[in-house]
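So this one's coords.csv, CSV, C-alpha atoms:
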chain,number,residue,atom,x,y,z
A,1,MET,CA,92.4,92.2,-10.5
A,2,SER,CA,94.6,90.0,-12.7
A,3,PHE,CA,92.6,91.1,-15.8
A,4,LEU,CA,93.3,94.8,-15.0
A,5,ARG,CA,97.0,94.0,-14.6
A,6,TYR,CA,96.8,92.1,-17.9
A,7,LEU,CA,95.2,95.2,-19.6
A,8,MET,CA,97.9,97.4,-18.2
A,9,LEU,CA,100.7,95.2,-19.4
A,10,LEU,CA,99.1,94.5,-22.8
A,11,SER,CA,98.7,98.2,-23.5
A,12,LEU,CA,102.4,98.9,-22.7
A,13,ILE,CA,103.5,95.9,-24.8
A,14,VAL,CA,101.4,97.1,-27.8
A,15,TRP,CA,102.7,100.7,-27.5
A,16,LEU,CA,106.3,100.0,-26.9
A,17,GLY,CA,106.4,97.0,-29.2
A,18,GLY,CA,105.0,99.2,-32.0
A,19,LEU,CA,107.6,101.9,-31.4
A,20,MET,CA,110.4,99.3,-31.5
A,21,PHE,CA,109.1,97.7,-34.6
A,22,PHE,CA,108.7,101.1,-36.3
A,23,ALA,CA,112.1,102.4,-35.4
A,24,PHE,CA,114.2,99.2,-35.9
A,25,VAL,CA,112.4,97.4,-38.7
A,26,LEU,CA,109.7,99.3,-40.7
A,27,ALA,CA,111.4,102.7,-41.2
A,28,PRO,CA,114.9,101.3,-42.0
A,29,LYS,CA,113.5,98.6,-44.3
A,30,ALA,CA,111.2,101.0,-46.1
A,31,PHE,CA,114.1,103.3,-47.0
A,32,SER,CA,116.4,100.5,-48.0
A,33,VAL,CA,113.9,98.4,-50.1
A,34,LEU,CA,111.5,100.8,-51.8
A,35,PRO,CA,112.5,102.4,-55.1
A,36,SER,CA,112.4,106.0,-53.9
A,37,ARG,CA,112.8,107.9,-50.7
A,38,HIS,CA,109.6,109.8,-51.4
A,39,LEU,CA,107.6,106.5,-51.5
A,40,ALA,CA,109.4,105.2,-48.4
A,41,GLY,CA,108.5,108.5,-46.6
A,42,THR,CA,104.9,108.1,-47.6
A,43,VAL,CA,104.8,104.5,-46.2
A,44,VAL,CA,106.6,105.5,-43.0
A,45,GLY,CA,104.4,108.6,-42.5
A,46,ARG,CA,101.2,106.6,-42.8
A,47,SER,CA,102.6,103.9,-40.6
A,48,LEU,CA,103.5,106.5,-38.0
A,49,GLY,CA,99.9,107.8,-38.0
A,50,ALA,CA,98.6,104.3,-37.3
A,51,LEU,CA,101.2,103.8,-34.6
A,52,HIS,CA,100.1,107.1,-33.0
A,53,TRP,CA,96.5,106.0,-32.8
A,54,MET,CA,97.6,102.6,-31.3
A,55,GLY,CA,99.6,104.6,-28.7
A,56,ILE,CA,96.7,106.9,-27.9
A,57,ALA,CA,94.3,103.9,-27.5
A,58,SER,CA,96.9,102.0,-25.4
A,59,GLY,CA,97.6,105.1,-23.2
A,60,ILE,CA,93.9,105.5,-22.5
A,61,LEU,CA,93.5,101.8,-21.8
A,62,PHE,CA,96.5,101.8,-19.5
A,63,LEU,CA,95.2,104.9,-17.5
A,64,ALA,CA,91.7,103.5,-17.1
A,65,SER,CA,92.8,100.1,-16.0
A,66,SER,CA,95.6,101.3,-13.8
A,67,ILE,CA,93.4,103.9,-12.0
A,68,LEU,CA,90.7,101.3,-11.5
A,69,TYR,CA,93.4,98.8,-10.3
A,70,SER,CA,94.7,101.3,-7.8
A,71,ARG,CA,91.1,102.1,-6.6
A,72,LEU,CA,90.3,98.5,-6.1
A,73,THR,CA,93.5,97.4,-4.4
A,74,ARG,CA,94.4,100.5,-2.4
A,75,GLY,CA,91.1,102.2,-1.9
A,76,THR,CA,92.1,105.3,-3.8
A,77,ALA,CA,92.7,106.0,-7.5
A,78,HIS,CA,96.2,107.5,-7.1
A,79,VAL,CA,95.6,109.7,-10.2
A,80,PHE,CA,98.9,111.4,-9.7
A,81,ALA,CA,101.0,108.3,-9.3
A,82,ALA,CA,104.3,108.5,-11.3
A,83,ARG,CA,103.2,105.9,-13.8
A,84,HIS,CA,100.0,107.9,-14.6
A,85,VAL,CA,101.9,111.1,-14.9
A,86,PHE,CA,104.4,109.5,-17.3
A,87,ILE,CA,101.7,107.9,-19.4
A,88,CYS,CA,100.0,111.4,-19.6
A,89,LEU,CA,103.4,112.8,-20.8
A,90,MET,CA,103.6,110.0,-23.4
A,91,LEU,CA,100.1,110.8,-24.6
A,92,THR,CA,100.9,114.5,-24.8
A,93,LEU,CA,104.0,113.9,-26.8
A,94,THR,CA,102.1,111.5,-29.1
A,95,LEU,CA,99.4,114.0,-29.6
A,96,ILE,CA,101.9,116.8,-30.4
A,97,SER,CA,103.5,114.6,-33.0
A,98,GLN,CA,100.2,113.4,-34.5
A,99,PHE,CA,98.5,116.8,-34.6
A,100,GLY,CA,101.4,119.2,-34.6
A,101,ILE,CA,104.6,117.9,-36.2
A,102,ILE,CA,103.3,115.4,-38.7
A,103,PRO,CA,100.7,117.6,-40.4
A,104,ARG,CA,103.3,120.3,-40.9
A,105,MET,CA,105.7,117.8,-42.4
A,106,ASP,CA,102.9,116.5,-44.7
A,107,THR,CA,102.1,120.1,-45.8
A,108,LEU,CA,105.8,120.7,-46.6
A,109,ARG,CA,106.1,117.4,-48.4
A,110,ALA,CA,103.1,118.3,-50.5
A,111,SER,CA,104.4,121.7,-51.4
A,112,ILE,CA,108.0,120.5,-52.1
A,113,GLY,CA,107.1,117.3,-53.9
A,114,GLU,CA,110.1,114.9,-54.1
A,115,ILE,CA,112.3,115.9,-51.1
A,116,ASP,CA,115.5,114.7,-52.7
A,117,SER,CA,114.9,116.9,-55.7
A,118,VAL,CA,115.1,120.0,-53.5
A,119,PRO,CA,118.5,121.5,-52.6
A,120,PRO,CA,119.5,120.9,-49.0
A,121,ASN,CA,119.7,124.7,-48.4
A,122,ASN,CA,116.1,125.3,-49.5
A,123,PRO,CA,114.1,126.9,-46.7
A,124,ALA,CA,111.2,124.5,-47.0
A,125,ARG,CA,113.6,121.5,-46.9
A,126,LEU,CA,115.4,122.9,-43.9
A,127,GLN,CA,112.1,123.3,-42.1
A,128,PHE,CA,111.1,119.7,-43.1
A,129,ASP,CA,114.5,118.4,-41.9
A,130,ALA,CA,114.1,120.3,-38.6
A,131,LEU,CA,110.6,118.9,-38.1
A,132,HIS,CA,111.9,115.4,-38.8
A,133,VAL,CA,114.5,115.8,-36.1
A,134,TRP,CA,111.8,116.9,-33.7
A,135,SER,CA,109.6,114.0,-34.7
A,136,THR,CA,112.4,111.5,-34.0
A,137,ARG,CA,113.2,113.1,-30.6
A,138,VAL,CA,109.5,113.0,-29.6
A,139,GLU,CA,109.2,109.3,-30.5
A,140,GLY,CA,112.4,108.6,-28.6
A,141,GLY,CA,111.0,110.5,-25.6
A,142,VAL,CA,107.8,108.5,-25.7
A,143,PHE,CA,109.8,105.3,-25.8
A,144,LEU,CA,112.1,106.2,-22.9
A,145,LEU,CA,109.1,107.3,-20.8
A,146,GLY,CA,107.5,104.0,-21.7
A,147,LEU,CA,110.4,102.1,-20.3
A,148,VAL,CA,110.1,104.0,-17.1
A,149,VAL,CA,106.4,103.2,-16.9
A,150,VAL,CA,107.2,99.5,-17.5
A,151,TYR,CA,109.6,99.6,-14.5
A,152,LEU,CA,107.2,101.5,-12.3
A,153,THR,CA,104.3,99.1,-13.2
A,154,ALA,CA,106.4,96.0,-12.6
A,155,ALA,CA,107.5,97.4,-9.3
A,156,SER,CA,104.0,98.1,-8.2
A,157,PHE,CA,102.8,94.5,-8.5

Any chance you could put this one into structure tokens?
Amino acid sequence: MSFLRYLMLLSLIVWLGGLMFFAFVLAPKAFSVLPSRHLAGTVVGRSLGALHWMGIASGILFLASSILYSRLTRGTAHVFAARHVFICLMLTLTLISQFGIIPRMDTLRASIGEIDSVPPNNPARLQFDALHVWSTRVEGGVFLLGLVVVYLTAASF
């Protein structure tokens, strides 16, 4: 049972720790250190893809170990427990970002070229900027939901 709790906590640590590192260290440093915003955007975009895959793996690991833990300790899987529902919401948001928002941003970046060379009122740039806002909101939502899952998980032990 301790091993299952360990897997649950490890998966949350990896996911939320990755989100924190990305938001507070990697992205700001990339844009302040690299010679162009285009290059920084490329680094941040690829890093976000890796972060999403870490989140997807962590979410699946959490669900599997948490459901098994519930089954072994309470006799039923509690599939619709709040922490499971919130993890599923986190996974859904991550999948939307990875397969919906980010590919559209990549397509726009490829068609525009250097984002800073395009006027701010250009329709493609406006669309890119709007997608960026949504991407940031989605990642923030995943993080906030993750904090709730940490609380719910800690309270259940």

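Closest approach to Ile115 in chain A among A:Thr42, A:Ser47, A:Ser11, A:Ser2 is made by A:Thr42 (distances from only C-alpha atoms).
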
Find the residues near Ile101 in chain A: any atom within 10 Å, counting all atoms listed in the file, skip ones fewer than 3 places away on the same chain, and give them as number ranges by chain. A: 94-98, 104-106, 128, 131-132, 134-135, 138

Just checking: using all atoms listed in the file, which residue out of A:Thr136, A:Ser58, A:Thr76, A:Asn121 ends up closest to Ala23 in chain A?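 Smallest separation from Ala23 in chain A among the options: A:Thr136.
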
Please determine, counting all atoms listed in the file, which residue among A:Pro28, A:Gly41, A:Gly146, A:Gly141 has the shortest atom-to-atom distance to Arg83 in chain A.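 Selected residue with least distance to Arg83 in chain A: A:Gly146.
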
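Closest to Leu9 in chain A among A:Val85, A:Ile56, A:Leu61, A:Leu34 is A:Leu61, based on all atoms listed in the file.
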
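Here CA of His78 in chain A and CA of Thr153 in chain A stand 13.2 Å from one another.
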
Counting all atoms listed in the file, figure out which residue out of A:Phe24, A:Phe31, A:Phe62, A:Phe3 gets nearest to Leu91 in chain A.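 Among the listed residues, the smallest separation from Leu91 in chain A belongs to A:Phe62.
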
Separation of CA of Arg109 in chain A and CA of Gln127 in chain A, in Å? 10.5 Å

Which one of A:Val33, A:Leu4, A:Leu26, A:Cys88 sits closest to Arg46 in chain A if you count all atoms listed in the file? A:Leu26

Could you pull range 5-147 of chain A out of the block above and save it with C-alpha atoms, as a PDB file, in the first residue's frame?
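Wrote it out as decode_13.pdb, contents follow:
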ATOM      1  CA  ARG A   5       0.783   5.994  -2.171  1.00  0.00           C
ATOM      2  CA  TYR A   6       4.378   6.654  -3.217  1.00  0.00           C
ATOM      3  CA  LEU A   7       3.422   6.334  -6.905  1.00  0.00           C
ATOM      4  CA  MET A   8       0.446   8.641  -6.417  1.00  0.00           C
ATOM      5  CA  LEU A   9       2.561  11.314  -4.753  1.00  0.00           C
ATOM      6  CA  LEU A  10       5.467  10.900  -7.164  1.00  0.00           C
ATOM      7  CA  SER A  11       3.193  11.385 -10.151  1.00  0.00           C
ATOM      8  CA  LEU A  12       1.775  14.588  -8.661  1.00  0.00           C
ATOM      9  CA  ILE A  13       5.251  15.865  -7.775  1.00  0.00           C
ATOM     10  CA  VAL A  14       6.537  15.259 -11.292  1.00  0.00           C
ATOM     11  CA  TRP A  15       3.532  16.880 -12.968  1.00  0.00           C
ATOM     12  CA  LEU A  16       3.160  19.924 -10.727  1.00  0.00           C
ATOM     13  CA  GLY A  17       6.907  20.355 -10.306  1.00  0.00           C
ATOM     14  CA  GLY A  18       7.310  20.354 -14.069  1.00  0.00           C
ATOM     15  CA  LEU A  19       4.571  22.959 -14.447  1.00  0.00           C
ATOM     16  CA  MET A  20       6.182  25.182 -11.808  1.00  0.00           C
ATOM     17  CA  PHE A  21       9.645  24.851 -13.326  1.00  0.00           C
ATOM     18  CA  PHE A  22       8.276  25.606 -16.790  1.00  0.00           C
ATOM     19  CA  ALA A  23       6.268  28.661 -15.729  1.00  0.00           C
ATOM     20  CA  PHE A  24       8.699  30.227 -13.283  1.00  0.00           C
ATOM     21  CA  VAL A  25      12.119  29.241 -14.614  1.00  0.00           C
ATOM     22  CA  LEU A  26      12.309  27.863 -18.148  1.00  0.00           C
ATOM     23  CA  ALA A  27       9.953  30.157 -20.062  1.00  0.00           C
ATOM     24  CA  PRO A  28      11.061  33.445 -18.450  1.00  0.00           C
ATOM     25  CA  LYS A  29      14.756  32.551 -18.730  1.00  0.00           C
ATOM     26  CA  ALA A  30      14.428  31.445 -22.349  1.00  0.00           C
ATOM     27  CA  PHE A  31      12.902  34.780 -23.334  1.00  0.00           C
ATOM     28  CA  SER A  32      15.452  36.783 -21.345  1.00  0.00           C
ATOM     29  CA  VAL A  33      18.619  34.902 -22.338  1.00  0.00           C
ATOM     30  CA  LEU A  34      18.197  33.667 -25.904  1.00  0.00           C
ATOM     31  CA  PRO A  35      19.060  36.091 -28.721  1.00  0.00           C
ATOM     32  CA  SER A  36      15.593  36.150 -30.329  1.00  0.00           C
ATOM     33  CA  ARG A  37      12.005  35.696 -29.234  1.00  0.00           C
ATOM     34  CA  HIS A  38      11.535  33.275 -32.133  1.00  0.00           C
ATOM     35  CA  LEU A  39      14.295  31.003 -30.830  1.00  0.00           C
ATOM     36  CA  ALA A  40      12.962  31.291 -27.262  1.00  0.00           C
ATOM     37  CA  GLY A  41       9.474  30.404 -28.520  1.00  0.00           C
ATOM     38  CA  THR A  42      10.869  27.334 -30.247  1.00  0.00           C
ATOM     39  CA  VAL A  43      12.617  26.161 -27.061  1.00  0.00           C
ATOM     40  CA  VAL A  44       9.564  26.867 -24.902  1.00  0.00           C
ATOM     41  CA  GLY A  45       7.213  25.162 -27.382  1.00  0.00           C
ATOM     42  CA  ARG A  46       9.268  21.983 -27.510  1.00  0.00           C
ATOM     43  CA  SER A  47       9.661  21.985 -23.740  1.00  0.00           C
ATOM     44  CA  LEU A  48       5.911  22.357 -23.337  1.00  0.00           C
ATOM     45  CA  GLY A  49       5.402  19.291 -25.528  1.00  0.00           C
ATOM     46  CA  ALA A  50       7.726  17.274 -23.289  1.00  0.00           C
ATOM     47  CA  LEU A  51       5.954  18.623 -20.209  1.00  0.00           C
ATOM     48  CA  HIS A  52       2.604  17.551 -21.637  1.00  0.00           C
ATOM     49  CA  TRP A  53       3.816  13.993 -22.182  1.00  0.00           C
ATOM     50  CA  MET A  54       5.181  13.926 -18.619  1.00  0.00           C
ATOM     51  CA  GLY A  55       1.772  15.112 -17.424  1.00  0.00           C
ATOM     52  CA  ILE A  56      -0.102  12.520 -19.454  1.00  0.00           C
ATOM     53  CA  ALA A  57       2.102   9.714 -18.100  1.00  0.00           C
ATOM     54  CA  SER A  58       1.841  11.093 -14.557  1.00  0.00           C
ATOM     55  CA  GLY A  59      -1.935  11.380 -14.785  1.00  0.00           C
ATOM     56  CA  ILE A  60      -2.333   7.820 -15.985  1.00  0.00           C
ATOM     57  CA  LEU A  61       0.047   6.569 -13.281  1.00  0.00           C
ATOM     58  CA  PHE A  62      -1.856   8.508 -10.619  1.00  0.00           C
ATOM     59  CA  LEU A  63      -5.223   7.184 -11.771  1.00  0.00           C
ATOM     60  CA  ALA A  64      -4.046   3.591 -11.929  1.00  0.00           C
ATOM     61  CA  SER A  65      -2.315   3.614  -8.550  1.00  0.00           C
ATOM     62  CA  SER A  66      -5.079   5.616  -6.835  1.00  0.00           C
ATOM     63  CA  ILE A  67      -7.863   3.382  -8.129  1.00  0.00           C
ATOM     64  CA  LEU A  68      -5.912   0.291  -7.114  1.00  0.00           C
ATOM     65  CA  TYR A  69      -5.177   1.834  -3.705  1.00  0.00           C
ATOM     66  CA  SER A  70      -8.885   2.547  -3.176  1.00  0.00           C
ATOM     67  CA  ARG A  71      -9.774  -0.976  -4.250  1.00  0.00           C
ATOM     68  CA  LEU A  72      -7.296  -2.558  -1.865  1.00  0.00           C
ATOM     69  CA  THR A  73      -8.001  -0.346   1.151  1.00  0.00           C
ATOM     70  CA  ARG A  74     -11.748   0.277   0.836  1.00  0.00           C
ATOM     71  CA  GLY A  75     -12.913  -2.701  -1.174  1.00  0.00           C
ATOM     72  CA  THR A  76     -14.138  -0.585  -4.097  1.00  0.00           C
ATOM     73  CA  ALA A  77     -12.304   1.414  -6.739  1.00  0.00           C
ATOM     74  CA  HIS A  78     -14.101   4.760  -6.156  1.00  0.00           C
ATOM     75  CA  VAL A  79     -13.673   5.632  -9.815  1.00  0.00           C
ATOM     76  CA  PHE A  80     -15.690   8.831  -9.386  1.00  0.00           C
ATOM     77  CA  ALA A  81     -13.826  10.079  -6.310  1.00  0.00           C
ATOM     78  CA  ALA A  82     -13.115  13.812  -6.542  1.00  0.00           C
ATOM     79  CA  ARG A  83      -9.364  13.324  -6.964  1.00  0.00           C
ATOM     80  CA  HIS A  84      -9.973  10.992  -9.925  1.00  0.00           C
ATOM     81  CA  VAL A  85     -12.410  13.402 -11.546  1.00  0.00           C
ATOM     82  CA  PHE A  86      -9.941  16.287 -11.132  1.00  0.00           C
ATOM     83  CA  ILE A  87      -7.071  14.229 -12.556  1.00  0.00           C
ATOM     84  CA  CYS A  88      -9.272  13.399 -15.547  1.00  0.00           C
ATOM     85  CA  LEU A  89      -9.976  17.129 -15.983  1.00  0.00           C
ATOM     86  CA  MET A  90      -6.232  17.820 -15.799  1.00  0.00           C
ATOM     87  CA  LEU A  91      -5.596  15.145 -18.420  1.00  0.00           C
ATOM     88  CA  THR A  92      -8.355  16.542 -20.635  1.00  0.00           C
ATOM     89  CA  LEU A  93      -6.933  20.069 -20.463  1.00  0.00           C
ATOM     90  CA  THR A  94      -3.429  18.756 -21.153  1.00  0.00           C
ATOM     91  CA  LEU A  95      -4.665  16.796 -24.171  1.00  0.00           C
ATOM     92  CA  ILE A  96      -6.543  19.845 -25.474  1.00  0.00           C
ATOM     93  CA  SER A  97      -3.378  21.891 -25.205  1.00  0.00           C
ATOM     94  CA  GLN A  98      -1.115  19.230 -26.718  1.00  0.00           C
ATOM     95  CA  PHE A  99      -3.347  18.207 -29.617  1.00  0.00           C
ATOM     96  CA  GLY A 100      -5.526  21.290 -30.115  1.00  0.00           C
ATOM     97  CA  ILE A 101      -3.908  24.555 -29.111  1.00  0.00           C
ATOM     98  CA  ILE A 102      -0.193  23.885 -29.613  1.00  0.00           C
ATOM     99  CA  PRO A 103      -0.485  22.425 -33.155  1.00  0.00           C
ATOM    100  CA  ARG A 104      -2.507  25.472 -34.236  1.00  0.00           C
ATOM    101  CA  MET A 105       0.119  27.773 -32.721  1.00  0.00           C
ATOM    102  CA  ASP A 106       2.884  25.839 -34.492  1.00  0.00           C
ATOM    103  CA  THR A 107       1.070  26.140 -37.815  1.00  0.00           C
ATOM    104  CA  LEU A 108       0.653  29.880 -37.357  1.00  0.00           C
ATOM    105  CA  ARG A 109       4.308  30.302 -36.338  1.00  0.00           C
ATOM    106  CA  ALA A 110       5.389  28.385 -39.445  1.00  0.00           C
ATOM    107  CA  SER A 111       3.198  30.520 -41.723  1.00  0.00           C
ATOM    108  CA  ILE A 112       4.171  33.814 -40.094  1.00  0.00           C
ATOM    109  CA  GLY A 113       7.855  33.176 -39.573  1.00  0.00           C
ATOM    110  CA  GLU A 114       9.368  35.559 -37.029  1.00  0.00           C
ATOM    111  CA  ILE A 115       6.426  36.629 -34.852  1.00  0.00           C
ATOM    112  CA  ASP A 116       7.981  39.965 -33.922  1.00  0.00           C
ATOM    113  CA  SER A 117       8.352  40.920 -37.590  1.00  0.00           C
ATOM    114  CA  VAL A 118       4.581  40.782 -38.105  1.00  0.00           C
ATOM    115  CA  PRO A 119       2.493  43.831 -37.170  1.00  0.00           C
ATOM    116  CA  PRO A 120       0.444  43.398 -33.983  1.00  0.00           C
ATOM    117  CA  ASN A 121      -2.818  43.912 -35.910  1.00  0.00           C
ATOM    118  CA  ASN A 122      -2.074  41.147 -38.436  1.00  0.00           C
ATOM    119  CA  PRO A 123      -4.934  38.564 -38.305  1.00  0.00           C
ATOM    120  CA  ALA A 124      -2.530  35.618 -38.021  1.00  0.00           C
ATOM    121  CA  ARG A 125      -0.646  37.303 -35.180  1.00  0.00           C
ATOM    122  CA  LEU A 126      -3.900  38.152 -33.420  1.00  0.00           C
ATOM    123  CA  GLN A 127      -4.942  34.516 -33.693  1.00  0.00           C
ATOM    124  CA  PHE A 128      -1.538  33.363 -32.415  1.00  0.00           C
ATOM    125  CA  ASP A 129      -1.712  35.768 -29.474  1.00  0.00           C
ATOM    126  CA  ALA A 130      -5.241  34.569 -28.628  1.00  0.00           C
ATOM    127  CA  LEU A 131      -4.092  30.940 -28.707  1.00  0.00           C
ATOM    128  CA  HIS A 132      -1.156  31.851 -26.469  1.00  0.00           C
ATOM    129  CA  VAL A 133      -3.561  33.367 -23.947  1.00  0.00           C
ATOM    130  CA  TRP A 134      -5.636  30.167 -24.021  1.00  0.00           C
ATOM    131  CA  SER A 135      -2.524  28.031 -23.676  1.00  0.00           C
ATOM    132  CA  THR A 136      -1.509  29.973 -20.577  1.00  0.00           C
ATOM    133  CA  ARG A 137      -5.002  29.691 -19.096  1.00  0.00           C
ATOM    134  CA  VAL A 138      -5.128  25.951 -19.717  1.00  0.00           C
ATOM    135  CA  GLU A 139      -1.740  25.368 -18.071  1.00  0.00           C
ATOM    136  CA  GLY A 140      -2.815  27.516 -15.121  1.00  0.00           C
ATOM    137  CA  GLY A 141      -6.011  25.514 -14.833  1.00  0.00           C
ATOM    138  CA  VAL A 142      -4.078  22.256 -14.817  1.00  0.00           C
ATOM    139  CA  PHE A 143      -1.839  23.609 -12.076  1.00  0.00           C
ATOM    140  CA  LEU A 144      -4.734  24.796  -9.889  1.00  0.00           C
ATOM    141  CA  LEU A 145      -6.576  21.508 -10.308  1.00  0.00           C
ATOM    142  CA  GLY A 146      -3.344  19.737  -9.397  1.00  0.00           C
ATOM    143  CA  LEU A 147      -3.127  21.672  -6.141  1.00  0.00           C
TER     144      LEU A 147
END
